[in-house]
Each structure stands twice: as structure tokens, then as C-alpha cells.
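Student: This is model14.cif (mmCIF, C-alpha atoms).
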```cif
data_entry
loop_
_atom_site.group_PDB
_atom_site.id
_atom_site.type_symbol
_atom_site.label_atom_id
_atom_site.label_comp_id
_atom_site.auth_asym_id
_atom_site.auth_seq_id
_atom_site.Cartn_x
_atom_site.Cartn_y
_atom_site.Cartn_z
ATOM 1 C CA MET A 1 72.253 355.246 20.189
ATOM 2 C CA SER A 2 72.154 358.721 21.596
ATOM 3 C CA ALA A 3 68.824 360.205 20.629
ATOM 4 C CA GLN A 4 68.297 363.845 19.836
ATOM 5 C CA ALA A 5 65.163 365.947 19.672
ATOM 6 C CA TYR A 6 65.967 367.281 16.176
ATOM 7 C CA PRO A 7 66.359 365.991 13.571
ATOM 8 C CA LEU A 8 64.413 362.776 13.940
ATOM 9 C CA SER A 9 66.428 359.958 15.558
ATOM 10 C CA TRP A 10 64.790 356.801 14.200
ATOM 11 C CA PRO A 11 65.714 353.519 15.913
ATOM 12 C CA PRO A 12 68.132 351.371 13.909
ATOM 13 C CA GLY A 13 66.577 348.319 12.331
ATOM 14 C CA PHE A 14 63.027 349.628 12.736
ATOM 15 C CA PRO A 15 61.218 349.804 9.361
ATOM 16 C CA ARG A 16 59.732 353.026 8.069
ATOM 17 C CA SER A 17 56.168 353.276 6.745
ATOM 18 C CA LYS A 18 55.957 353.589 2.992
ATOM 19 C CA TYR A 19 52.435 354.983 2.994
ATOM 20 C CA ARG A 20 50.963 357.431 5.453
ATOM 21 C CA GLU A 21 47.306 357.675 6.328
ATOM 22 C CA GLY A 22 45.113 360.411 7.726
ATOM 23 C CA GLY A 23 43.768 358.328 10.580
ATOM 24 C CA ARG A 24 41.114 359.287 13.092
ATOM 25 C CA LEU A 25 43.356 360.533 15.859
ATOM 26 C CA LYS A 26 42.181 363.977 16.922
ATOM 27 C CA ALA A 27 44.825 365.828 18.887
ATOM 28 C CA ASN A 28 46.963 368.836 18.208
ATOM 29 C CA TYR A 29 50.690 368.549 18.790
ATOM 30 C CA ASP A 30 50.744 370.225 22.215
ATOM 31 C CA THR A 31 47.928 368.017 23.512
ATOM 32 C CA ALA A 32 49.559 364.862 22.122
ATOM 33 C CA LEU A 33 52.869 365.828 23.745
ATOM 34 C CA LYS A 34 51.164 366.374 27.119
ATOM 35 C CA ASN A 35 49.389 363.008 26.731
ATOM 36 C CA VAL A 36 52.695 361.199 26.108
ATOM 37 C CA GLN A 37 54.368 362.938 29.066
ATOM 38 C CA MET A 38 51.437 362.042 31.332
ATOM 39 C CA SER A 39 51.378 358.415 30.123
ATOM 40 C CA LEU A 40 55.113 358.039 30.754
ATOM 41 C CA ARG A 41 54.781 359.484 34.283
ATOM 42 C CA LEU A 42 51.858 357.197 35.108
ATOM 43 C CA PHE A 43 53.567 354.164 33.613
ATOM 44 C CA ALA A 44 56.704 354.779 35.700
ATOM 45 C CA SER A 45 54.640 355.259 38.839
ATOM 46 C CA GLU A 46 52.480 352.190 38.285
ATOM 47 C CA SER A 47 55.422 349.958 37.363
ATOM 48 C CA GLY A 48 57.469 351.101 40.342
ATOM 49 C CA LYS A 49 60.485 351.379 38.010
ATOM 50 C CA LYS A 50 62.506 354.462 37.215
ATOM 51 C CA LEU A 51 61.837 356.105 33.862
ATOM 52 C CA ASP A 52 64.124 358.917 32.778
ATOM 53 C CA HIS A 53 66.000 360.533 29.880
ATOM 54 C CA ALA A 54 62.788 360.874 27.860
ATOM 55 C CA ILE A 55 63.415 362.545 24.508
ATOM 56 C CA MET A 56 60.767 363.237 21.902
ATOM 57 C CA SER A 57 62.504 363.212 18.530
ATOM 58 C CA SER A 58 60.997 364.600 15.309
ATOM 59 C CA ASN A 59 61.687 366.867 12.352
ATOM 60 C CA ILE A 60 59.549 369.661 13.779
ATOM 61 C CA THR A 61 61.186 373.070 14.187
ATOM 62 C CA LEU A 62 59.920 376.258 15.789
ATOM 63 C CA THR A 63 58.971 377.597 12.372
ATOM 64 C CA HIS A 64 57.836 374.367 10.693
ATOM 65 C CA ASN A 65 55.390 371.997 12.385
ATOM 66 C CA ALA A 66 54.394 370.003 9.278
ATOM 67 C CA PRO A 67 57.668 368.461 8.018
ATOM 68 C CA ALA A 68 57.837 366.192 4.972
ATOM 69 C CA ASP A 69 58.771 363.324 7.316
ATOM 70 C CA PRO A 70 56.083 363.321 10.038
ATOM 71 C CA GLY A 71 57.663 360.442 12.000
ATOM 72 C CA VAL A 72 58.062 360.747 15.759
ATOM 73 C CA ALA A 73 60.202 358.661 18.102
ATOM 74 C CA VAL A 74 60.020 358.792 21.884
ATOM 75 C CA TRP A 75 63.230 357.535 23.507
ATOM 76 C CA PHE A 76 63.515 356.796 27.215
ATOM 77 C CA VAL A 77 65.244 354.605 29.760
ATOM 78 C CA TRP A 78 62.957 352.394 31.848
ATOM 79 C CA ASP A 79 64.174 349.879 34.399
ATOM 80 C CA GLY A 80 67.675 350.200 32.935
ATOM 81 C CA LEU A 81 66.565 349.525 29.334
ATOM 82 C CA GLN A 82 66.942 352.127 26.597
ATOM 83 C CA LEU A 83 63.675 351.969 24.684
ATOM 84 C CA CYS A 84 62.192 353.737 21.723
ATOM 85 C CA ILE A 85 58.607 353.868 20.527
ATOM 86 C CA ALA A 86 58.617 355.170 16.963
ATOM 87 C CA VAL A 87 55.577 355.832 14.768
ATOM 88 C CA ASP A 88 55.390 357.256 11.262
ATOM 89 C CA ARG A 89 52.134 355.657 10.127
ATOM 90 C CA TYR A 90 50.160 358.900 10.069
ATOM 91 C CA ASP A 91 50.479 362.025 7.956
ATOM 92 C CA SER A 92 51.220 364.443 10.816
ATOM 93 C CA PRO A 93 53.590 364.502 13.778
ATOM 94 C CA ALA A 94 50.651 365.213 16.105
ATOM 95 C CA LYS A 95 48.835 362.031 15.053
ATOM 96 C CA ASN A 96 52.010 359.950 15.305
ATOM 97 C CA LEU A 97 52.706 361.349 18.769
ATOM 98 C CA GLN A 98 49.124 360.630 19.848
ATOM 99 C CA ALA A 99 49.581 357.049 18.577
ATOM 100 C CA ILE A 100 52.643 356.747 20.834
ATOM 101 C CA HIS A 101 50.477 357.898 23.741
ATOM 102 C CA HIS A 102 48.059 355.025 22.964
ATOM 103 C CA ILE A 103 50.934 352.537 22.760
ATOM 104 C CA ILE A 104 52.155 353.589 26.220
ATOM 105 C CA GLU A 105 48.589 353.347 27.515
ATOM 106 C CA ALA A 106 48.492 349.775 26.184
ATOM 107 C CA ARG A 107 51.598 348.993 28.264
ATOM 108 C CA ARG A 108 49.780 350.448 31.305
ATOM 109 C CA THR A 109 46.845 348.134 30.571
ATOM 110 C CA GLU A 110 49.221 345.159 30.351
ATOM 111 C CA LEU A 111 50.687 346.186 33.671
ATOM 112 C CA ARG A 112 47.264 346.418 35.347
ATOM 113 C CA HIS A 113 45.945 343.119 33.987
ATOM 114 C CA GLY A 114 49.134 341.143 33.531
ATOM 115 C CA THR A 115 52.521 341.258 35.174
ATOM 116 C CA LEU A 116 55.705 343.262 35.070
ATOM 117 C CA ALA A 117 57.279 340.319 33.196
ATOM 118 C CA LEU A 118 54.649 340.673 30.457
ATOM 119 C CA VAL A 119 55.434 344.365 30.044
ATOM 120 C CA ARG A 120 59.182 343.644 29.924
ATOM 121 C CA ALA A 121 58.555 341.034 27.221
ATOM 122 C CA THR A 122 56.484 343.509 25.220
ATOM 123 C CA PHE A 123 59.157 346.179 25.563
ATOM 124 C CA ALA A 124 61.790 343.756 24.252
ATOM 125 C CA GLY A 125 60.530 344.661 20.779
ATOM 126 C CA PHE A 126 61.200 348.354 21.415
ATOM 127 C CA LYS A 127 64.863 347.908 22.346
ATOM 128 C CA ALA A 128 67.291 349.414 19.872
ATOM 129 C CA LEU A 129 69.913 346.870 18.837
ATOM 130 C CA PRO A 130 72.649 348.885 17.178
ATOM 131 C CA ALA A 131 75.620 347.232 15.562
ATOM 132 C CA PRO A 132 78.627 346.882 17.846
ATOM 133 C CA PRO A 133 80.780 350.030 18.066
ATOM 134 C CA GLY A 134 83.296 350.413 15.293
ATOM 135 C CA LYS A 135 81.447 348.237 12.775
ATOM 136 C CA SER A 136 79.605 349.887 9.930
ATOM 137 C CA TRP A 137 76.944 348.197 7.867
ATOM 138 C CA ARG A 138 79.444 348.064 4.990
ATOM 139 C CA ASP A 139 81.832 346.001 7.130
ATOM 140 C CA ILE A 140 79.097 343.720 8.459
ATOM 141 C CA LEU A 141 77.636 343.084 4.997
ATOM 142 C CA LYS A 142 81.142 342.855 3.481
ATOM 143 C CA LEU A 143 80.282 345.468 0.847
ATOM 144 C CA THR A 144 83.470 347.322 -0.015
ATOM 145 C CA ASP A 145 82.901 348.488 -3.608
ATOM 146 C CA LEU A 146 80.978 351.692 -2.853
ATOM 147 C CA SER A 147 80.145 352.252 -6.533
ATOM 148 C CA ARG A 148 78.110 349.031 -6.656
ATOM 149 C CA ILE A 149 76.009 349.341 -3.519
ATOM 150 C CA ASP A 150 72.299 349.316 -4.216
ATOM 151 C CA ALA A 151 69.258 347.590 -2.686
ATOM 152 C CA THR A 152 69.878 344.431 -4.728
ATOM 153 C CA ALA A 153 73.511 344.179 -3.570
ATOM 154 C CA ILE A 154 72.481 344.761 0.039
ATOM 155 C CA GLU A 155 69.765 342.088 -0.060
ATOM 156 C CA SER A 156 72.076 339.630 -1.806
ATOM 157 C CA ALA A 157 74.842 340.130 0.769
ATOM 158 C CA TYR A 158 72.276 339.811 3.569
ATOM 159 C CA ARG A 159 70.895 336.519 2.205
ATOM 160 C CA ASN A 160 74.369 335.043 1.742
ATOM 161 C CA LEU A 161 75.560 336.018 5.211
ATOM 162 C CA SER A 162 72.338 334.896 6.919
ATOM 163 C CA LYS A 163 73.131 331.351 5.776
ATOM 164 C CA THR A 164 75.836 331.242 8.462
ATOM 165 C CA ALA A 165 74.660 333.932 10.909
ATOM 166 C CA HIS A 166 71.179 332.536 11.643
ATOM 167 C CA PRO A 167 70.882 330.509 14.884
ATOM 168 C CA ASP A 168 69.148 327.654 13.024
ATOM 169 C CA VAL A 169 72.290 327.034 10.952
ATOM 170 C CA GLY A 170 74.914 327.387 13.662
ATOM 171 C CA GLY A 171 75.024 331.167 14.026
ATOM 172 C CA SER A 172 73.696 333.140 16.973
ATOM 173 C CA ALA A 173 70.857 335.499 17.820
ATOM 174 C CA ASP A 174 73.416 338.292 18.295
ATOM 175 C CA ALA A 175 75.012 337.666 14.897
ATOM 176 C CA MET A 176 71.601 337.667 13.215
ATOM 177 C CA ALA A 177 70.513 340.844 15.053
ATOM 178 C CA GLU A 178 73.715 342.551 13.904
ATOM 179 C CA LEU A 179 73.099 341.404 10.331
ATOM 180 C CA ASN A 180 69.427 342.499 10.388
ATOM 181 C CA ASN A 181 70.403 345.921 11.722
ATOM 182 C CA ALA A 182 73.157 346.303 9.100
ATOM 183 C CA ARG A 183 70.739 345.499 6.247
ATOM 184 C CA ASP A 184 68.027 347.838 7.531
ATOM 185 C CA THR A 185 70.496 350.667 8.157
ATOM 186 C CA ALA A 186 72.025 350.212 4.689
ATOM 187 C CA LEU A 187 68.646 350.257 2.948
ATOM 188 C CA ARG A 188 67.612 353.389 4.849
ATOM 189 C CA GLU A 189 70.885 355.123 4.082
ATOM 190 C CA ILE A 190 70.842 354.467 0.342
ATOM 191 C CA ALA A 191 67.183 355.523 0.134
ATOM 192 C CA ALA A 192 67.931 358.919 1.705
#
```
Please, can you express the file's structure as C-alpha cells?
Tutor:
Amino acid sequence: MSAQAYPLSWPPGFPRSKYREGGRLKANYDTALKNVQMSLRLFASESGKKLDHAIMSSNITLTHNAPADPGVAVWFVWDGLQLCIAVDRYDSPAKNLQAIHHIIEARRTELRHGTLALVRATFAGFKALPAPPGKSWRDILKLTDLSRIDATAIESAYRNLSKTAHPDVGGSADAMAELNNARDTALREIAA
């Protein structure tokens, strides 16, 4: 996925928070942004691996810093992996961005007390797994009647297809990842 700063580029297949909380994070947006930038620089330096193409994506504009969707996603490439840390748990972009700073700091702690392999394993959960090019969620879920697509139809198609896509029943991890991403993308799209 090619991430953009505005509007928010949320990673495919990553669930959104239904409820947002105030939280105890105390940072304004500029401070939180500087914290994330500093954490990324330090993480790259300490890991000895290149980190570039960092993009902070949100719905903030020059004239509106409290959007209805306060989610923030920080996209970057580290050691050849495109990663995204996305947070929308809190009620403001500043708090969500500060939470991302803490998540990166946790990876720095893993690096100091563990190994590079541990950090790579942790980051595996942050990798975006988009559907293969040219396939839409409608094709993957085999939903062609656009007038009948709702959450129930999506979940039903997902359950039926997972019976053959799941690795435990003869499918593959790739097929299941594609199916999971298609369901999550479909549910997000119809909710919008």
C-alpha cells in the first residue's frame, strides 16, 4: 500500500477501535510528533538497520487538528519491510501519536534486552498484507450481487471460504491472509 499523510491511510486488515478513551497521555501534537521522529531515529541507529520513507498519516489538516476520526498511522520501511503502527484507541490524534511513540520505545527495549530476531518477530504483526494486485475483496469473497452486500453476507462468505482456505484444512497461510484482509476491508468499506 502506498501511504499518504492525508487523509488517514489505515493498514488493511487492521481493526479499528469502536470506542475511544481519554487516556492519560499528556502531549500536544507537535511534541508527540517530535517524540515519534526521535524514537524512529534512535531505533534505526540502535538496530543498525536502515529506516526510511516514514510517513505520519492522519485526518489532521492545517485548519482542523481535532478530526472526527482521531486515528494515526505511522508508515515506514525498516530493514526492507514496509511496516505500519496504527493507533486509534484515544480521542485525539496527539494521544494516538504519543501512543505510537511508546510502541516504538517498546521495540527499542526489546532490542536492548533481547535480539534483533525478537524485534523482527514483533514487527511481523505490523506488516501490511494487502490482497494481491488486481483482486478486490468482492472477487476474493465471491460477492457479486452488489445490492445484497452487508455485514452478514460478508461474514457468511468469509466463513464458507475459510473452510477451504485455512491451513488446517488444506489451504495455506497466504490464502487465509488474503481472505482475512478481504473480509476486514469489506467490513470497513461498507461501514464508511
Student: Quote the spacing between atom CA of Ala106 of chain A and atom CA of Ala73 of chain A in Å to one decimal place.
Tutor: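 Taking atom CA of Ala106 of chain A as the start and atom CA of Ala73 of chain A as the end point, the length is 16.8 Å.
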Student: So, counting all atoms listed in the file, which residue among A:Asp30, A:Asp88, A:Asp52, A:Asp184 is closest to Asn65 of chain A?
Tutor: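 Comparing A:Asp30, A:Asp88, A:Asp52, A:Asp184 against Asn65 of chain A, the winner is A:Asp30.
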Student: Find, counting only C-alpha atoms, the residue in A:Ile85, A:Asp145, A:Leu97, A:Glu110 that gets nearest to Pro11 of chain A.
Tutor: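 Comparing A:Ile85, A:Asp145, A:Leu97, A:Glu110 against Pro11 of chain A, the winner is A:Ile85.
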Student: Have a look at atom CA of Val87 of chain A and atom CA of Ile100 of chain A and let me know their distance in Å, one decimal.
Tutor: 6.8 Å
Student: Near segment 67-72 of chain A, within 10 Å and counting only C-alpha atoms, which residues show up once chain neighbours fewer than 4 positions away are dropped, as a PyMOL selection string?
Tutor: chain A and resi 5+8-10+16-17+20+56-61+85-100
Student: Would you mind reading off the distance between atom CA of Arg107 of chain A and atom CA of Ala54 of chain A, one decimal, in Å?
Tutor: 16.3 Å
Student: Within 10 Å of Trp78 of chain A, counting all atoms listed in the file, which residues show up once you throw out same-chain ones fewer than 2 positions away? Write them as a list in words, please.
Tutor: Leu40, Phe43, Ala44, Ser47, Lys49, Lys50, Leu51, Asp52, His53, Ala54, Trp75, Phe76, Gly80, Leu81, Gln82, Leu83, Arg120 and Phe123 of chain A
Student: Under the rule that all atoms listed in the file are counted, which of A:Asp150, A:Asp168, A:Leu118, A:Ser162 is the nearest residue to Ala191 of chain A?
Tutor: A:Asp150
